[in-house]
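This is coords_12.txt (compact mmCIF, C-alpha atoms).
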```
# COMPACT_ATOMS: atom_id res chain seq x y z
CA MET P 243 65.76 -51.56 12.70
CA LEU P 244 64.82 -47.90 12.52
CA PRO P 245 62.84 -46.35 15.37
CA MET P 246 61.12 -44.09 12.81
CA ASP P 247 60.35 -44.86 9.17
CA ILE P 248 58.08 -42.38 7.40
CA HIS P 249 58.43 -43.35 3.72
CA THR P 250 56.12 -46.35 3.40
CA HIS P 251 53.22 -47.30 1.14
CA THR P 252 49.90 -49.10 1.48
CA ALA P 253 47.48 -50.53 -1.08
CA ALA P 254 46.32 -46.95 -1.72
CA SER P 255 49.51 -46.36 -3.73
CA GLY P 256 48.15 -48.65 -6.43
CA HIS P 257 51.03 -51.09 -6.74
CA GLY P 258 53.40 -53.29 -4.79
CA THR P 259 51.10 -54.37 -1.97
CA ASN P 260 47.54 -54.94 -0.79
CA HIS P 261 48.37 -54.11 2.84
CA THR P 262 46.31 -51.53 4.72
CA ILE P 263 47.33 -48.89 7.26
CA THR P 264 46.21 -51.29 9.99
CA ASP P 265 48.45 -54.03 8.59
CA MET P 266 51.37 -51.59 8.51
CA ALA P 267 50.81 -50.49 12.10
CA LYS P 268 50.62 -54.08 13.34
CA ALA P 269 53.87 -54.93 11.57
CA ALA P 270 55.57 -51.82 12.96
CA CYS P 271 54.50 -52.83 16.46
CA ARG P 272 55.96 -56.32 16.01
CA LYS P 273 59.24 -54.81 14.81
CA GLY P 274 59.51 -52.30 17.64
CA ILE P 275 59.13 -49.24 15.39
CA LEU P 276 58.02 -46.24 17.41
CA THR P 277 56.88 -43.90 14.62
CA LEU P 278 55.51 -44.96 11.25
CA GLY P 279 54.74 -42.59 8.40
CA ILE P 280 52.25 -43.48 5.70
CA SER P 281 53.22 -41.71 2.47
CA ASP P 282 51.15 -43.09 -0.36
CA HIS P 283 51.74 -41.98 -3.93
CA GLY P 284 49.93 -38.95 -5.28
CA PRO P 285 47.05 -39.31 -7.74
CA ALA P 286 49.19 -38.85 -10.87
CA THR P 287 50.66 -42.30 -10.21
CA PRO P 288 48.74 -44.89 -12.29
CA GLY P 289 46.29 -46.76 -10.07
CA ALA P 290 46.94 -44.62 -6.99
CA CYS P 291 44.31 -43.09 -4.74
CA ARG P 292 42.52 -39.83 -5.46
CA GLU P 293 42.93 -36.58 -3.52
CA SER P 294 39.89 -37.46 -1.39
CA TYR P 295 41.94 -40.19 0.30
CA PHE P 296 44.52 -37.67 1.52
CA ARG P 297 41.81 -35.22 2.53
CA SER P 298 40.33 -37.78 4.92
CA LEU P 299 43.57 -38.75 6.64
CA HIS P 300 43.21 -36.06 9.31
CA ILE P 301 40.51 -38.16 11.01
CA ALA P 302 42.63 -41.34 11.08
CA PRO P 303 43.89 -42.48 14.52
CA LYS P 304 47.30 -41.10 15.49
CA GLU P 305 48.20 -44.21 17.44
CA ARG P 306 47.61 -47.85 16.62
CA PHE P 307 48.99 -50.84 18.49
CA GLY P 308 51.29 -48.51 20.42
CA VAL P 309 52.81 -47.05 17.24
CA HIS P 310 52.70 -43.29 16.62
CA LEU P 311 51.36 -42.72 13.10
CA LEU P 312 52.10 -39.83 10.79
CA TYR P 313 49.97 -39.31 7.70
CA GLY P 314 51.60 -37.78 4.66
CA ALA P 315 52.03 -38.27 0.93
CA GLU P 316 54.70 -38.89 -1.64
CA ALA P 317 53.67 -36.24 -4.12
CA ASN P 318 54.84 -36.44 -7.71
CA ILE P 319 56.94 -33.59 -9.08
CA LEU P 320 55.27 -33.09 -12.46
CA ASP P 321 57.53 -30.67 -14.30
CA GLU P 322 60.58 -28.42 -14.13
CA HIS P 323 58.50 -25.77 -12.39
CA GLY P 324 58.16 -28.04 -9.37
CA ASN P 325 54.39 -28.43 -9.63
CA LEU P 326 52.98 -31.28 -7.52
CA ASP P 327 50.00 -33.55 -8.09
CA ILE P 328 48.38 -32.77 -4.73
CA SER P 329 46.74 -29.41 -4.10
CA GLU P 330 47.98 -26.93 -1.53
CA ASP P 331 44.87 -27.13 0.65
CA ILE P 332 45.24 -30.90 1.02
CA LEU P 333 48.98 -30.74 1.65
CA SER P 334 48.37 -28.24 4.43
CA GLY P 335 46.30 -30.83 6.29
CA LEU P 336 48.92 -33.59 6.16
CA ASP P 337 51.71 -34.21 8.66
CA PHE P 338 54.37 -34.14 5.94
CA CYS P 339 55.00 -34.28 2.22
CA ILE P 340 57.75 -36.12 0.35
CA ALA P 341 58.28 -34.76 -3.16
CA SER P 342 59.77 -37.13 -5.73
CA ILE P 343 60.35 -37.59 -9.43
CA HIS P 344 59.00 -40.80 -10.97
CA ALA P 345 59.40 -41.96 -14.54
CA ASN P 346 55.67 -42.51 -15.05
CA THR P 347 54.71 -38.98 -14.02
CA PHE P 348 57.72 -36.89 -15.08
CA ARG P 349 58.82 -37.14 -18.68
CA PRO P 350 62.11 -39.09 -18.66
CA HIS P 351 64.65 -36.38 -19.13
CA SER P 352 68.40 -36.64 -19.53
CA ASN P 353 68.78 -32.87 -19.24
CA MET P 354 70.47 -32.17 -15.90
CA GLU P 355 69.35 -28.54 -15.82
CA THR P 356 65.68 -29.47 -16.28
CA ASN P 357 65.80 -32.13 -13.58
CA THR P 358 67.68 -29.88 -11.17
CA ALA P 359 65.17 -27.07 -11.72
CA ALA P 360 62.31 -29.45 -10.92
CA TYR P 361 63.79 -30.23 -7.50
CA LEU P 362 64.81 -26.66 -6.74
CA ASN P 363 61.34 -25.35 -7.50
CA ALA P 364 59.56 -28.15 -5.62
CA MET P 365 61.59 -27.29 -2.52
CA LYS P 366 60.17 -23.78 -2.55
CA ASN P 367 56.79 -25.26 -1.62
CA PRO P 368 56.48 -24.76 2.16
CA HIS P 369 54.63 -28.07 2.54
CA VAL P 370 57.52 -30.14 1.17
CA LYS P 371 59.50 -31.55 4.10
CA ILE P 372 61.51 -34.23 2.31
CA ILE P 373 62.91 -34.88 -1.17
CA GLY P 374 62.61 -38.54 -2.12
CA HIS P 375 65.27 -40.57 -3.94
CA VAL P 376 67.16 -37.70 -5.55
CA ASP P 377 69.73 -40.42 -6.30
CA ASP P 378 67.88 -41.78 -9.36
CA ALA P 379 70.51 -42.28 -12.08
CA HIS P 380 67.87 -41.90 -14.80
CA PHE P 381 67.32 -38.28 -13.76
CA PRO P 382 70.79 -36.69 -13.43
CA VAL P 383 70.92 -33.56 -11.28
CA ASP P 384 73.45 -31.10 -9.93
CA LEU P 385 73.67 -32.56 -6.45
CA TYR P 386 75.61 -29.61 -5.08
CA ARG P 387 72.86 -27.18 -6.05
CA VAL P 388 70.13 -29.54 -4.83
CA THR P 389 71.84 -29.96 -1.46
CA GLN P 390 72.37 -26.21 -1.07
CA ALA P 391 68.72 -25.60 -1.94
CA ALA P 392 67.65 -28.19 0.62
CA ILE P 393 69.66 -26.38 3.29
CA HIS P 394 68.25 -23.01 2.21
CA ASN P 395 64.64 -24.26 2.28
CA ASN P 396 64.85 -26.46 5.40
CA VAL P 397 64.15 -29.60 3.38
CA ILE P 398 65.61 -33.01 4.23
CA LEU P 399 67.14 -35.35 1.64
CA GLU P 400 66.48 -39.04 2.14
CA VAL P 401 68.75 -42.03 1.74
CA ASN P 402 66.45 -44.47 -0.01
CA GLU P 403 66.94 -48.17 0.68
CA VAL P 404 65.20 -49.25 -2.54
CA SER P 405 67.60 -47.12 -4.57
CA LEU P 406 70.58 -48.88 -3.02
CA SER P 407 69.27 -52.35 -3.77
CA PRO P 408 71.35 -54.18 -6.40
CA ASP P 409 68.14 -55.18 -8.18
CA GLY P 410 66.64 -51.68 -7.95
CA TYR P 411 65.14 -49.86 -10.92
CA ARG P 412 66.87 -46.48 -10.43
CA GLY P 413 70.17 -47.52 -11.95
CA ASN P 414 73.40 -47.31 -9.97
CA ALA P 415 72.20 -44.85 -7.35
CA ARG P 416 74.97 -45.46 -4.82
CA PRO P 417 77.44 -42.88 -6.19
CA ASN P 418 74.76 -40.17 -6.14
CA THR P 419 73.74 -41.08 -2.59
CA PHE P 420 77.39 -41.05 -1.53
CA THR P 421 77.85 -37.58 -3.06
CA PHE P 422 74.93 -35.86 -1.36
CA LEU P 423 75.74 -37.57 1.93
CA GLN P 424 79.23 -36.10 1.79
CA LEU P 425 77.79 -32.66 1.03
CA CYS P 426 75.39 -32.92 3.97
CA LEU P 427 78.21 -34.11 6.20
CA GLN P 428 80.38 -31.15 5.25
CA ALA P 429 77.49 -28.80 6.08
CA ARG P 430 76.56 -30.71 9.27
CA TYR P 431 73.08 -31.02 7.80
CA PRO P 432 70.68 -33.82 8.78
CA ILE P 433 69.42 -36.61 6.53
CA LEU P 434 66.69 -39.23 6.75
CA LEU P 435 66.87 -42.97 6.11
CA SER P 436 63.83 -44.44 4.35
CA SER P 437 62.77 -48.00 3.61
CA ASP P 438 60.33 -46.94 0.84
CA SER P 439 58.59 -50.18 1.71
CA HIS P 440 55.48 -51.07 -0.26
CA GLY P 441 53.70 -53.19 2.31
CA ILE P 442 54.83 -54.62 5.61
CA ASN P 443 57.83 -56.72 4.67
CA ARG P 444 60.60 -54.10 4.71
CA ILE P 445 59.33 -51.32 6.95
CA GLY P 446 62.09 -50.07 9.23
CA GLU P 447 64.73 -52.17 7.44
CA VAL P 448 67.56 -50.22 5.79
CA PRO P 449 70.73 -52.36 5.94
CA ARG P 450 72.38 -50.87 2.83
CA SER P 451 71.64 -47.33 3.96
CA LEU P 452 73.13 -48.00 7.38
CA GLU P 453 76.21 -49.52 5.77
CA LEU P 454 76.72 -46.42 3.64
CA VAL P 455 76.32 -43.87 6.45
CA LYS P 456 78.69 -45.93 8.56
CA GLU P 457 81.23 -45.98 5.71
CA ILE P 458 81.47 -42.18 5.66
CA SER P 459 81.10 -41.82 9.46
CA PHE P 460 77.89 -39.82 9.21
CA PRO P 461 77.04 -38.86 12.80
CA ARG P 462 74.05 -40.50 14.46
CA GLU P 463 72.76 -37.18 15.77
CA LEU P 464 72.29 -35.99 12.17
CA ILE P 465 70.33 -39.12 11.16
CA TRP P 466 66.90 -37.91 12.01
CA ASN P 467 65.26 -41.29 12.34
CA HIS P 468 66.78 -41.21 15.83
CA GLN P 469 65.25 -37.83 16.69
CA PRO P 470 61.69 -37.20 17.90
CA ALA P 471 59.21 -36.94 15.05
CA ASP P 472 58.43 -33.32 15.98
CA THR P 473 62.08 -32.44 15.39
CA LEU P 474 61.77 -33.52 11.77
CA LEU P 475 58.31 -32.11 11.09
CA ASN P 476 59.05 -28.72 12.63
CA PHE P 477 62.62 -28.47 11.35
CA ARG P 478 63.95 -24.98 10.87
CA ARG P 479 67.56 -24.00 10.34
CA CYS P 480 69.16 -20.65 9.79
CA VAL P 481 69.93 -20.11 6.12
CA LEU P 482 73.63 -20.48 5.41
```

Conversion result in structure tokens:
Amino acid sequence: MLPMDIHTHTAASGHGTNHTITDMAKAACRKGILTLGISDHGPATPGACRESYFRSLHIAPKERFGVHLLYGAEANILDEHGNLDISEDILSGLDFCIASIHANTFRPHSNMETNTAAYLNAMKNPHVKIIGHVDDAHFPVDLYRVTQAAIHNNVILEVNEVSLSPDGYRGNARPNTFTFLQLCLQARYPILLSSDSHGINRIGEVPRSLELVKEISFPRELIWNHQPADTLLNFRRCVL
């Protein structure tokens, strides 16, 4: 069980669950999770909440049932220019932003250069802290360039548990995850493990991700779920 899991979704994401933030916090408490991040999908996702939802998160309680809560968003990368579906003024009021490509908001594209450019440009946004599921086999990218850009821009790449599921919808994502993990290991650069849980059932649970990081002997001190939340949110590293 992870002590910190910040890629999770509530009913506000528009699919996968009808659980609320309160439900999520209660479940995190039962599981012994210390820090829980709520990162609902941006408004370009069909059925997801509007920008007003994210604007109001700053007044939500920072602690519930003994669990420290972080309020963020999983913004959609909309195009190769790295444009996001949440405005800058709203992103500036959130604790964090995960930027991801999804098939229903980014035109399915087999062109590696286009997909790579989308990630590289999104990482230039100072509000983007994390890149979500860059492993998606349906959107091939140059993982070396993406990893180098992450290091340059102080952005963390996540190991996504849903991607590694044998019944997942991102194709065979394991080889891509393995590749960027090796690149991060060579650079001694931290990564984040994420459940990507929609609802309470899988929050904090990442057995396949843990198996993979163990396989390549990725050091615990560079798995930032085991670091204080402030270490992740205020991460800065000298450009290589």

Of the residues P:His249, P:Arg297, P:Arg387, P:Lys268, which is the one nearest to Ile280 in chain P, using only C-alpha atoms?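 Checking each of P:His249, P:Arg297, P:Arg387, P:Lys268 against Ile280 in chain P, counting only C-alpha atoms, the winner is P:His249.
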
Using only C-alpha atoms, which protein or nucleic acid residues come within 6 Å of range 457-473 of chain P? Drop anything in the same chain fewer than 5 positions from it, and give the result as a ChimeraX atom specification. /P:246,432-434

Residues within 9 Å of Leu385 in chain P, please, as a ChimeraX atom specification. Count all atoms listed in the file; anything in the same chain fewer than 3 positions from it doesn't count. /P:358,376-377,382,388-390,418,421-422,425

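The gap separating CA of Phe381 in chain P from CA of Ile343 in chain P is 8.2 Å, in Å to one decimal.
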
Which protein, DNA or RNA residues have an atom at most 10 Å from (49.0, -37.9, -6.5), counting all atoms listed in the file? List them as number ranges by chain. P: 255, 282-293, 296, 315-320, 326-329, 347

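Distance-wise, CA of Lys273 in chain P and CA of Gly446 in chain P end up 7.9 Å apart.
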
Ref. answer, residues at most 6 Å from (59.2, -31.7, -0.3) with all atoms listed in the file, as a list in words: Cys339, Ile340, Ala341, Met365, Val370, Lys371, Ile372 and Ile373 of chain P

Near range 350-355 of chain P, within 8 Å and counting all atoms listed in the file, which residues show up once chain neighbours fewer than 4 positions away are dropped, as a CSV table (one decimal) with C-alpha atoms, in the frame of the given file?
```
chain,number,residue,atom,x,y,z
P,345,ALA,CA,59.4,-42.0,-14.5
P,359,ALA,CA,65.2,-27.1,-11.7
P,380,HIS,CA,67.9,-41.9,-14.8
P,381,PHE,CA,67.3,-38.3,-13.8
P,382,PRO,CA,70.8,-36.7,-13.4
P,383,VAL,CA,70.9,-33.6,-11.3
P,384,ASP,CA,73.4,-31.1,-9.9
```

Residue nearest Ala253 in chain P - candidates P:Leu452, P:Ala392, P:Cys426, P:Ile442, atoms counted: only C-alpha atoms: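 For Ala253 in chain P, the nearest of the candidates is P:Ile442.
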
Could you check which of P:Leu423, P:Thr356, P:Ala391, P:Arg450 is closest to Ser405 in chain P, using only C-alpha atoms?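 Result for the nearest residue to Ser405 in chain P: P:Arg450.
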
Counting all atoms listed in the file, the option among P:Glu403, P:Asp337, P:Asp331, P:Asp409 closest to Glu447 in chain P: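 Closest residue, counting all atoms listed in the file: P:Glu403.
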
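Close contacts of Leu435 in chain P, defined as residues with an atom at most 7 Å away when counting only C-alpha atoms, with chain neighbours fewer than 5 positions off set aside, comprise Glu400, Val401, Asn402, Ser451 and Asn467 of chain P.
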
What is the distance, in Å and to one decimal place, between CA of Asp247 in chain P and CA of His440 in chain P?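 Straight-line distance from CA of Asp247 in chain P to CA of His440 in chain P works out to 12.3 Å.
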
Counting only C-alpha atoms, which residue out of P:Pro449, P:Gly274, P:Gly279, P:Gly335 sits closest to Tyr295 in chain P?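 Under the stated criterion, the closest residue is P:Gly335.
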